[in-house]
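S.K.: Pasting a structure here, questions to come.
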Amino acid sequence: MIIVEVVFLVIFWTWALAALLFLRNTVLARLPLVQTPESFNLSAQTVRFLATDGVGLEGWLVPGASHQPWIILCHGLGTNRADVLEIGAGLHRAGFNLLLFDFRGHGGSAGRTTSFGWREQRDLEGALAFLGQQPEIPAKPYGVYGISMGGSVALMVAGRDERIGAVAVESPYTNLEESIGHHLTLIYPGVPKVPFHWYVLATYRMRFGIWPRYVSAERGVRALNGRPLLLIHGAEDSRMPLAGITTMFNNASQPKDLWVVEGSGHLGAYALNPQAYLDRLTRFFHASLK
């Protein structure tokens with residue numbers, strides 16, 4: 001009986017520690033908006049709208065020529081819409097209209113926790129609905145650009161929502177289960193993956209109602225059905241392994257393009273050569289959004 005009690009206590013406290021380590025990382029410090037559209041001479045309107053599950057979101061609407069396409073920009077985990085503003089400014093100079101918004105629990109949006117891409121899909125759906133409700137915006141497919149978690153969200157929503165006509169992403173994860181396991185090793189290198197990984201996955205399921213393996217950008221890529229895709233990835237990205245991106249690219253339908261940037265780590269491609277990066281994005285969206 002004592003052995004049974006010891007085994008139970010070991011399992012219980014190991015799971016409790018794993019749950020604590022994981023849940024601590026679902027509540028992120030809110031970073032300030034260190035840049036505004038005025039920093040890039042952009043005329044923008046601060047807008048507020050709802051995610052499809054009712055969470056209040058905040059963003060910037062940056063209009064240009066009414067006949068030009070609209071692009072929605074999705075930031076990464078732990079940042080906010082200002083993190084993609086410089087790239088957005090380059091897209092705006094190239095003629096595109098923009099919507100930049102904060103995911104829940106980030107920037108000026110409501111919510112306290114992140115689900116690393118599961119519930120954030122409701123946020124992008126809300127952004128699509130918001131644009132569709134504006135009478136001055138033509139009812140045409142939108143482009144979406146996303147980075148890291150925002151890229152994964154873009155792919156998952158694009159896979160089932162044909163309001164997205166083209167998607168360009170940098171450094172997305174393939175599915176959340178693989179990403180959690182990989183980041184567990186990076187963040188807590190001394191913690192054994194077994195059984196902590198199992199406990200973290202179970203904690204995610206209890207907290208958010210879905211197993212992380214079903215939060216899958218790769219599945220979204222498979223469902224694009226001929227809508228254009230641009231994948232950008234740093235050859236030295238230690239957070240999102242290149243092998244996953246290569247698999248996604250191989251499973252995507254045409255038209256598709258994979259740009260592996262030598263010398264770039266996670267989300268480092270733009271800093272290495274901003275003009276080449278913007279040229280690649282603008283060519284892609286001009287060709288894809290007629």
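In the structure tokens, the first chain shown is A, the next is B, and so on; residue numbers restart at 1 for each chain, and ligands run from 1 in the order shown.
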If we count only C-alpha atoms, what is near region 168-175 of chain A at a cut-off of 9 Å, once residues fewer than 5 positions away on the same chain are taken out, given as a PyMOL selection string?
M.R.: chain A and resi 143-155+180+212-219+228-234+237+239-242+244-245+247-248+266-267+269+281+284-285
S.K.: So that I can check the secondary structure, give me every residue of region 126-278 of chain A assigned alpha helix (DSSP H) by backbone DSSP, as JSON, numbers by chain.
M.R.: {"A": [126, 127, 128, 129, 130, 131, 132, 149, 150, 151, 152, 153, 154, 155, 156, 157, 158, 176, 177, 178, 179, 180, 181, 182, 183, 184, 185, 186, 187, 193, 194, 195, 196, 197, 198, 199, 200, 201, 202, 203, 204, 205, 206, 207, 208, 217, 218, 219, 220, 221, 222, 242, 243, 244, 245, 246, 247, 248, 249, 250, 251, 269, 270, 271, 272, 274, 275, 276, 277, 278]}
S.K.: Per residue of region 90-123 of chain A within 10 Å of region 73-80 of chain A, which atom pair is closest and at what distance in Å (one decimal), using only C-alpha atoms, listed by chain and increasing number, as JSON lines?
M.R.:
{"residue": "A:Leu98", "atom": "CA", "partner": "A:Leu73", "partner_atom": "CA", "distance": 7.4}
{"residue": "A:Leu99", "atom": "CA", "partner": "A:Leu73", "partner_atom": "CA", "distance": 6.3}
{"residue": "A:Leu100", "atom": "CA", "partner": "A:Leu73", "partner_atom": "CA", "distance": 5.0}
{"residue": "A:Phe101", "atom": "CA", "partner": "A:Cys74", "partner_atom": "CA", "distance": 6.9}
{"residue": "A:Asp102", "atom": "CA", "partner": "A:Asn80", "partner_atom": "CA", "distance": 5.4}
{"residue": "A:Phe103", "atom": "CA", "partner": "A:Asn80", "partner_atom": "CA", "distance": 7.4}
{"residue": "A:Arg104", "atom": "CA", "partner": "A:Asn80", "partner_atom": "CA", "distance": 9.8}
{"residue": "A:Gly105", "atom": "CA", "partner": "A:Gly78", "partner_atom": "CA", "distance": 8.7}
{"residue": "A:His106", "atom": "CA", "partner": "A:Asn80", "partner_atom": "CA", "distance": 5.8}
{"residue": "A:Gly107", "atom": "CA", "partner": "A:Asn80", "partner_atom": "CA", "distance": 5.1}
{"residue": "A:Gly108", "atom": "CA", "partner": "A:Asn80", "partner_atom": "CA", "distance": 8.3}
{"residue": "A:Ser109", "atom": "CA", "partner": "A:Asn80", "partner_atom": "CA", "distance": 9.4}
{"residue": "A:Thr114", "atom": "CA", "partner": "A:Leu77", "partner_atom": "CA", "distance": 8.3}
{"residue": "A:Ser115", "atom": "CA", "partner": "A:Leu77", "partner_atom": "CA", "distance": 9.8}
{"residue": "A:Phe116", "atom": "CA", "partner": "A:Leu77", "partner_atom": "CA", "distance": 7.2}
{"residue": "A:Gly117", "atom": "CA", "partner": "A:Leu77", "partner_atom": "CA", "distance": 8.9}
{"residue": "A:Asp123", "atom": "CA", "partner": "A:Cys74", "partner_atom": "CA", "distance": 9.8}
S.K.: Check the smallest atom-to-atom distance from each of A:Gly88, A:Pro69, A:Gly181, A:Gly268 to Trp198 (chain A) using only C-alpha atoms, then report the winner.
M.R.: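 Smallest separation from Trp198 (chain A) among the options: A:Gly181.
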S.K.: Please extract the residues of region 79-226 of chain A with a backbone DSSP assignment of strand (DSSP E or B) and present them as a list of chain:residue names.
M.R.: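 Of region 79-226 of chain A, only A:Asn97, A:Leu98, A:Leu99, A:Leu100, A:Phe101, A:Thr113, A:Tyr142, A:Gly143, A:Val144, A:Tyr145, A:Gly146, A:Ile147, A:Ile164, A:Gly165, A:Ala166, A:Val167, A:Ala168, A:Val169, A:Glu170, A:Asn175, A:Ser216 fall in strand (DSSP E or B).
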S.K.: Mind checking which residues fall within 10 Å of His286 (chain A), counting only C-alpha atoms, ignoring those fewer than 3 positions away in the same chain, and posting them as a list in words?
M.R.: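 Residues meeting the cut-off are Gln68, Pro69, Ala94, Gly95, Phe96, Gly143, Leu281, Thr282, Arg283, Leu289 and Lys290 of chain A.
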S.K.: Find, counting only C-alpha atoms, the residue in A:Gly209, A:Gly90, A:Gly59, A:Gly226 that gets nearest to Tyr270 (chain A).
M.R.: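 The closest residue to Tyr270 (chain A) is A:Gly90.
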